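Shown here: my_file.cif, mmCIF, C-alpha atoms.
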data_work
loop_
_atom_site.label_atom_id
_atom_site.label_comp_id
_atom_site.auth_asym_id
_atom_site.auth_seq_id
_atom_site.Cartn_x
_atom_site.Cartn_y
_atom_site.Cartn_z
CA THR A 1 -24.05 216.79 -27.38
CA LEU A 2 -24.81 214.94 -30.60
CA CYS A 3 -24.95 211.54 -28.90
CA MET A 4 -27.42 213.02 -26.38
CA ILE A 5 -29.66 214.44 -29.12
CA GLU A 6 -29.56 211.09 -30.92
CA MET A 7 -29.88 209.28 -27.54
CA ASP A 8 -26.87 207.12 -28.45
CA GLU A 9 -26.03 205.40 -25.16
CA GLU A 10 -23.10 203.37 -26.52
CA ARG A 11 -21.36 206.41 -27.97
CA PHE A 12 -21.88 208.52 -24.84
CA ASP A 13 -20.62 205.69 -22.65
CA LYS A 14 -17.49 205.33 -24.82
CA ILE A 15 -16.72 209.08 -24.59
CA LEU A 16 -17.30 209.11 -20.83
CA SER A 17 -15.24 205.96 -20.19
CA SER A 18 -12.27 207.19 -22.23
CA ASN A 19 -12.24 210.48 -20.30
CA ILE A 20 -12.42 208.65 -16.96
CA LEU A 21 -9.43 206.52 -17.97
CA LYS A 22 -7.50 209.60 -19.09
CA LEU A 23 -8.43 212.13 -16.37
CA GLY A 24 -9.83 210.04 -13.52
CA PHE A 25 -13.46 210.04 -12.36
CA GLU A 26 -13.37 213.20 -10.24
CA GLN A 27 -11.72 215.40 -12.87
CA THR A 28 -14.07 214.05 -15.57
CA MET A 29 -17.04 215.09 -13.43
CA LEU A 30 -15.63 218.54 -12.61
CA ASN A 31 -14.23 219.50 -15.99
CA ILE A 32 -16.44 217.66 -18.49
CA ILE A 33 -19.73 216.45 -17.01
CA TYR A 34 -20.61 219.54 -14.96
CA PRO A 35 -20.02 222.04 -17.81
CA PHE A 36 -21.91 219.66 -20.13
CA MET A 37 -24.88 219.36 -17.72
CA SER A 38 -24.95 223.16 -17.43
CA LYS A 39 -25.14 223.41 -21.23
CA ILE A 40 -27.95 220.84 -21.27
CA GLY A 41 -29.87 222.94 -18.73
CA VAL A 42 -29.68 225.94 -21.07
CA LEU A 43 -30.73 223.83 -24.09
CA TRP A 44 -33.67 222.43 -22.12
CA GLN A 45 -34.82 225.88 -20.94
CA THR A 46 -34.70 227.26 -24.49
CA GLY A 47 -36.61 224.26 -25.87
CA ALA A 48 -33.68 223.06 -28.02
CA ILE A 49 -33.94 219.60 -26.45
CA ASN A 50 -36.92 217.82 -24.91
CA PRO A 51 -37.21 216.46 -21.34
CA ALA A 52 -36.67 212.86 -22.53
CA GLN A 53 -33.22 213.79 -23.90
CA GLU A 54 -32.30 215.55 -20.64
CA HIS A 55 -33.49 212.55 -18.57
CA PHE A 56 -31.58 210.18 -20.87
CA ILE A 57 -28.23 211.86 -20.25
CA SER A 58 -28.88 212.47 -16.54
CA ASN A 59 -29.63 208.80 -15.98
CA LEU A 60 -26.44 207.70 -17.76
CA VAL A 61 -24.38 210.05 -15.55
CA ARG A 62 -26.31 208.83 -12.49
CA GLN A 63 -25.43 205.20 -13.34
CA LYS A 64 -21.71 206.09 -13.59
CA LEU A 65 -21.86 207.88 -10.24
CA ILE A 66 -23.51 204.95 -8.47
CA VAL A 67 -20.89 202.53 -9.83
CA ALA A 68 -18.08 204.89 -8.72
CA ILE A 69 -19.61 205.27 -5.23
CA ASP A 70 -20.04 201.51 -4.86
CA GLY A 71 -16.38 201.04 -5.72
CA GLN A 72 -15.25 203.02 -2.69
CA LEU A 73 -14.40 201.48 0.66
CA THR A 74 -14.59 203.36 3.97
CA ASN A 75 -12.21 202.60 6.82
CA GLY A 76 -14.73 203.32 9.58
CA GLY A 77 -13.14 206.62 10.60
CA GLY A 78 -13.95 210.22 9.70
CA LYS A 79 -17.19 212.12 10.12
CA LYS A 80 -20.79 211.11 9.43
CA PHE A 81 -22.70 212.89 6.64
CA LEU A 82 -26.43 212.49 6.05
CA LEU A 83 -27.25 213.31 2.41
CA PHE A 84 -30.80 213.83 1.19
CA LEU A 85 -33.00 215.77 -1.21
CA PRO A 86 -36.10 217.67 -0.01
CA GLU A 87 -39.58 216.30 -0.58
CA GLY A 88 -40.47 216.69 -4.26
CA GLU A 89 -36.83 217.14 -5.33
CA LEU A 90 -35.64 214.59 -7.90
CA HIS A 91 -32.43 216.12 -9.35
CA GLU A 92 -29.82 213.77 -7.95
CA ILE A 93 -26.54 214.34 -9.85
CA SER A 94 -25.00 216.93 -7.50
CA ILE A 95 -25.87 215.12 -4.27
CA LEU A 96 -24.54 211.84 -5.72
CA PHE A 97 -21.27 213.49 -6.70
CA ALA A 98 -21.04 215.03 -3.23
CA CYS A 99 -21.52 211.50 -1.86
CA TYR A 100 -18.64 210.29 -4.04
CA LEU A 101 -16.34 213.12 -2.88
CA ILE A 102 -17.18 212.65 0.80
CA LYS A 103 -16.63 208.88 0.69
CA SER A 104 -13.38 209.36 -1.23
CA LYS A 105 -12.03 211.20 1.83
CA GLY A 106 -12.88 208.28 4.13
CA HIS A 107 -16.01 209.72 5.73
CA LYS A 108 -19.22 207.76 6.31
CA VAL A 109 -22.27 208.67 4.20
CA ILE A 110 -25.88 207.86 5.01
CA TYR A 111 -27.57 208.44 1.65
CA LEU A 112 -31.34 208.93 1.55
CA GLY A 113 -31.57 210.23 -2.02
CA GLN A 114 -34.54 211.75 -3.78
CA SER A 115 -37.65 213.33 -2.22
CA THR A 116 -36.97 212.48 1.44
CA PRO A 117 -40.02 212.91 3.73
CA ASN A 118 -39.27 215.11 6.76
CA ASP A 119 -40.30 212.42 9.25
CA ASP A 120 -37.94 209.89 7.63
CA LEU A 121 -35.12 212.42 7.74
CA LEU A 122 -35.65 213.02 11.44
CA ALA A 123 -35.86 209.29 12.22
CA VAL A 124 -32.57 208.57 10.39
CA TYR A 125 -30.89 211.55 12.03
CA LYS A 126 -31.88 210.33 15.51
CA LEU A 127 -30.59 206.85 14.70
CA HIS A 128 -27.18 207.88 13.28
CA GLN A 129 -26.51 211.32 14.86
CA PRO A 130 -24.40 212.62 11.92
CA GLU A 131 -22.21 215.70 12.34
CA TYR A 132 -23.25 217.00 8.90
CA LEU A 133 -26.48 217.12 6.87
CA MET A 134 -26.34 218.05 3.20
CA THR A 135 -29.07 218.85 0.71
CA VAL A 136 -29.36 220.33 -2.78
CA VAL A 137 -32.42 222.37 -3.75
CA THR A 138 -32.80 222.49 -7.54
CA THR A 139 -36.57 222.83 -8.02
CA SER A 140 -38.26 221.97 -4.71
CA PRO A 141 -38.95 223.86 -2.50
CA SER A 142 -39.27 226.83 -4.86
CA ALA A 143 -37.33 230.06 -4.28
CA GLU A 144 -39.96 231.81 -2.14
CA TYR A 145 -40.02 228.93 0.36
CA VAL A 146 -36.28 228.21 0.60
CA GLN A 147 -35.62 230.56 3.54
CA GLU A 148 -38.47 228.96 5.50
CA TYR A 149 -37.18 225.49 4.63
CA ILE A 150 -33.62 226.28 5.74
CA ASN A 151 -34.86 227.82 8.99
CA ALA A 152 -36.89 224.69 9.73
CA LEU A 153 -33.87 222.43 9.07
CA ALA A 154 -31.67 224.57 11.32
CA GLU A 155 -34.22 224.46 14.12
CA ARG A 156 -34.88 220.74 13.82
CA PHE A 157 -31.20 219.71 13.61
CA LYS A 158 -29.57 222.18 16.00
CA GLU A 159 -26.61 219.92 16.81
CA ALA A 160 -25.60 219.34 13.17
CA LYS A 161 -23.82 221.45 10.59
CA ILE A 162 -26.23 221.81 7.65
CA LEU A 163 -24.82 222.24 4.15
CA VAL A 164 -27.18 223.64 1.50
CA SER A 165 -26.71 224.17 -2.22
CA GLY A 166 -28.61 224.15 -5.50
CA TYR A 167 -30.27 226.45 -8.02
CA GLN A 168 -32.95 227.70 -5.60
CA VAL A 169 -30.30 228.60 -2.99
CA ILE A 170 -27.47 230.15 -4.99
CA GLY A 171 -27.81 233.85 -5.73
CA GLN A 172 -30.57 234.41 -3.18
CA ASP A 173 -30.16 236.88 -0.35
CA LEU A 174 -30.71 234.27 2.35
CA LYS A 175 -30.22 234.83 6.07
CA LEU A 176 -28.44 231.67 7.13
CA PRO A 177 -28.75 230.42 10.72
CA SER A 178 -25.45 229.86 12.54
CA ASN A 179 -25.45 226.09 11.91
CA VAL A 180 -26.09 226.41 8.14
CA GLU A 181 -23.43 226.86 5.45
CA GLN A 182 -24.15 227.60 1.81
CA LEU A 183 -22.10 225.82 -0.89
CA ASN A 184 -22.28 227.62 -4.22
CA TYR A 185 -20.16 225.23 -6.27
CA ILE A 186 -19.31 221.53 -6.13
CA ARG A 187 -15.70 222.61 -5.57
CA ASP A 188 -16.87 224.11 -2.26
CA VAL A 189 -17.55 220.54 -1.10
CA LYS A 190 -13.92 219.67 -1.84
CA GLU A 191 -12.72 222.72 0.11
CA LEU A 192 -14.93 221.84 3.07
CA LEU A 193 -13.53 218.29 3.13
CA GLU A 194 -9.98 219.63 3.02
CA GLU A 195 -10.82 221.95 5.93
CA ILE A 196 -12.18 219.00 7.95
CA GLU A 197 -8.92 217.13 7.34
CA ARG A 198 -6.91 220.08 8.67
CA VAL A 199 -8.87 220.25 11.93
CA PRO A 200 -7.76 217.71 14.60
CA GLN A 201 -10.41 215.01 14.99
CA GLU A 202 -12.14 214.96 18.37
CA LYS A 203 -13.74 211.57 17.87
#

Go ahead and express the file in the form of structure tokens.
Amino acid sequence: TLCMIEMDEERFDKILSSNILKLGFEQTMLNIIYPFMSKIGVLWQTGAINPAQEHFISNLVRQKLIVAIDGQLTNGGGKKFLLFLPEGELHEISILFACYLIKSKGHKVIYLGQSTPNDDLLAVYKLHQPEYLMTVVTTSPSAEYVQEYINALAERFKEAKILVSGYQVIGQDLKLPSNVEQLNYIRDVKELLEEIERVPQEK
């Protein structure tokens, strides 16, 4: 936390790299980065740190994730996942880590990233016809519009399994359409991938 407050990139990078060497990338994310990011969220909400400090650390983690994702090779098999964030949503850490986990199991990922316009999402879906869509709603759309947003996704992408997660989703009493599944924790992504592996592949 100290290297974040002091915005000491070299020190943070050294701590992160040593943990990755010791534990591996996935376990470092699950057991160190996620609890740390949760703590940062609390510090930010209470005003103990400023937005620049939060952005500083998030961007360093984001860089590590992108490098880790780029280092993975897919064998051309598995399922297709289309990953995106809703329009106005910029919090990318969870969807990037999901991308890493999905690719690590040999599945194909079409990654659209932050603030994806609805028309672009539909165009990419029609082009690639993925079996799964995944999104994380942290700030946008806000809580009162999440049900409406999920319903619209379910209606627009009837043939796909839609995976939703994020702060605005978890803990809400949502009525999920039959083709929508809620993931409350990043570990739920791992469980879903294990379940896919257990089911005989049709394609």

inquiry  = Under the rule that all atoms listed in the file are counted, which of A:Glu92, A:Glu131, A:Asp120, A:Glu181 is the nearest residue to Lys108 of chain A?
reply    = A:Glu131

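Here the question is which of A:Ile69, A:His91, A:Val189, A:Leu122 gets nearest to Lys103 of chain A using only C-alpha atoms, and that residue is A:Ile69.
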
query = Between A:Gly77, A:Leu90, A:Gln182, A:Thr135, which has the minimum distance to Glu197 of chain A (counting all atoms listed in the file)?
reply = A:Gly77

request  = Please write as a ChimeraX atom specification the full residue list that the PyMOL selection byres ((chain A and resi 100) around 9) yields on this file.
outcome  = /A:26,65-66,68-70,72,95-99,101-105

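Considering only C-alpha atoms, the residue among A:Leu153, A:Leu82, A:Ile57, A:Ala143 positioned nearest to His107 of chain A is A:Leu82.
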
request  = List the residues selected by the PyMOL selection byres ((chain A and resi 121) around 12) in the file shown, writing them as a ChimeraX atom specification.
outcome  = /A:82-87,110-120,122-130,133-135,153,156-157

query = For Lys175 of chain A, which residue out of A:Val146, A:Leu192, A:Val109, A:Val137 is the nearest one, using only C-alpha atoms?
reply = A:Val146

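Using only C-alpha atoms, the residues found no farther than 10 Å from Leu30 of chain A, other than those of its own chain fewer than 6 positions away, are Phe36, Phe97, Ile186 and Arg187 of chain A.
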
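Relative to atom CA of Glu195 of chain A, atom CA of Leu163 of chain A is found at 14.1 Å.
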
Resolved residues for the PyMOL selection byres ((chain A and resi 4-18) around 10) as a PyMOL selection string = chain A and resi 1-3+19-25+28-29+32-33+40+48-50+52-58+60-61+64

remark   = What separates atom CA of Val136 of chain A and atom CA of Asn59 of chain A is a distance of 17.5 Å

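Pairwise distance (atom CA of Leu183 of chain A, atom CA of Gln168 of chain A) equals 12.0 Å.
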
inquiry  = Let me make sure I understand: among A:Thr139, A:Ser165, A:Asp173, A:Glu155, which one has the smallest atom-to-atom distance to Asp188 of chain A if we use only C-alpha atoms?
reply    = A:Ser165

Because some atoms of segment 152-173 of chain A are absent here, can you restore N, CA and C atoms and send them as an mmCIF file, keeping the file's coordinate frame?
data_model
loop_
_atom_site.group_PDB
_atom_site.id
_atom_site.type_symbol
_atom_site.label_atom_id
_atom_site.label_comp_id
_atom_site.auth_asym_id
_atom_site.auth_seq_id
_atom_site.Cartn_x
_atom_site.Cartn_y
_atom_site.Cartn_z
ATOM 1 N N ALA A 152 -36.305 225.879 9.097
ATOM 2 C CA ALA A 152 -36.890 224.690 9.730
ATOM 3 C C ALA A 152 -35.832 223.599 9.932
ATOM 4 N N LEU A 153 -34.957 223.409 8.931
ATOM 5 C CA LEU A 153 -33.870 222.430 9.070
ATOM 6 C C LEU A 153 -32.946 222.811 10.229
ATOM 7 N N ALA A 154 -32.581 224.091 10.283
ATOM 8 C CA ALA A 154 -31.670 224.570 11.320
ATOM 9 C C ALA A 154 -32.253 224.389 12.717
ATOM 10 N N GLU A 155 -33.540 224.596 12.827
ATOM 11 C CA GLU A 155 -34.220 224.460 14.120
ATOM 12 C C GLU A 155 -34.346 222.989 14.514
ATOM 13 N N ARG A 156 -34.653 222.161 13.540
ATOM 14 C CA ARG A 156 -34.880 220.740 13.820
ATOM 15 C C ARG A 156 -33.586 219.984 14.115
ATOM 16 N N PHE A 157 -32.486 220.413 13.461
ATOM 17 C CA PHE A 157 -31.200 219.710 13.610
ATOM 18 C C PHE A 157 -30.147 220.661 14.176
ATOM 19 N N LYS A 158 -30.405 221.144 15.370
ATOM 20 C CA LYS A 158 -29.570 222.180 16.000
ATOM 21 C C LYS A 158 -28.133 221.727 16.238
ATOM 22 N N GLU A 159 -27.944 220.435 16.470
ATOM 23 C CA GLU A 159 -26.610 219.920 16.810
ATOM 24 C C GLU A 159 -25.747 219.639 15.581
ATOM 25 N N ALA A 160 -26.336 219.692 14.399
ATOM 26 C CA ALA A 160 -25.600 219.340 13.170
ATOM 27 C C ALA A 160 -25.199 220.587 12.397
ATOM 28 N N LYS A 161 -24.178 220.429 11.574
ATOM 29 C CA LYS A 161 -23.820 221.450 10.590
ATOM 30 C C LYS A 161 -24.593 221.106 9.321
ATOM 31 N N ILE A 162 -25.372 222.058 8.819
ATOM 32 C CA ILE A 162 -26.230 221.810 7.650
ATOM 33 C C ILE A 162 -25.637 222.501 6.431
ATOM 34 N N LEU A 163 -25.408 221.736 5.382
ATOM 35 C CA LEU A 163 -24.820 222.240 4.150
ATOM 36 C C LEU A 163 -25.907 222.297 3.075
ATOM 37 N N VAL A 164 -26.117 223.485 2.508
ATOM 38 C CA VAL A 164 -27.180 223.640 1.500
ATOM 39 C C VAL A 164 -26.604 224.192 0.203
ATOM 40 N N SER A 165 -27.152 223.699 -0.911
ATOM 41 C CA SER A 165 -26.710 224.170 -2.220
ATOM 42 C C SER A 165 -27.873 224.020 -3.197
ATOM 43 N N GLY A 166 -27.601 224.346 -4.462
ATOM 44 C CA GLY A 166 -28.610 224.150 -5.500
ATOM 45 C C GLY A 166 -29.125 225.456 -6.089
ATOM 46 N N TYR A 167 -29.783 225.323 -7.219
ATOM 47 C CA TYR A 167 -30.270 226.450 -8.020
ATOM 48 C C TYR A 167 -31.161 227.407 -7.233
ATOM 49 N N GLN A 168 -32.019 226.855 -6.354
ATOM 50 C CA GLN A 168 -32.950 227.700 -5.600
ATOM 51 C C GLN A 168 -32.291 228.401 -4.407
ATOM 52 N N VAL A 169 -31.040 228.023 -4.117
ATOM 53 C CA VAL A 169 -30.300 228.600 -2.990
ATOM 54 C C VAL A 169 -29.299 229.654 -3.455
ATOM 55 N N ILE A 170 -28.561 229.296 -4.510
ATOM 56 C CA ILE A 170 -27.470 230.150 -4.990
ATOM 57 C C ILE A 170 -28.015 231.450 -5.575
ATOM 58 N N GLY A 171 -27.412 232.545 -5.186
ATOM 59 C CA GLY A 171 -27.810 233.850 -5.730
ATOM 60 C C GLY A 171 -28.932 234.515 -4.970
ATOM 61 N N GLN A 172 -29.518 233.810 -4.016
ATOM 62 C CA GLN A 172 -30.570 234.410 -3.180
ATOM 63 C C GLN A 172 -29.950 235.123 -1.992
ATOM 64 N N ASP A 173 -30.617 236.145 -1.523
ATOM 65 C CA ASP A 173 -30.160 236.880 -0.350
ATOM 66 C C ASP A 173 -30.744 236.208 0.897
#
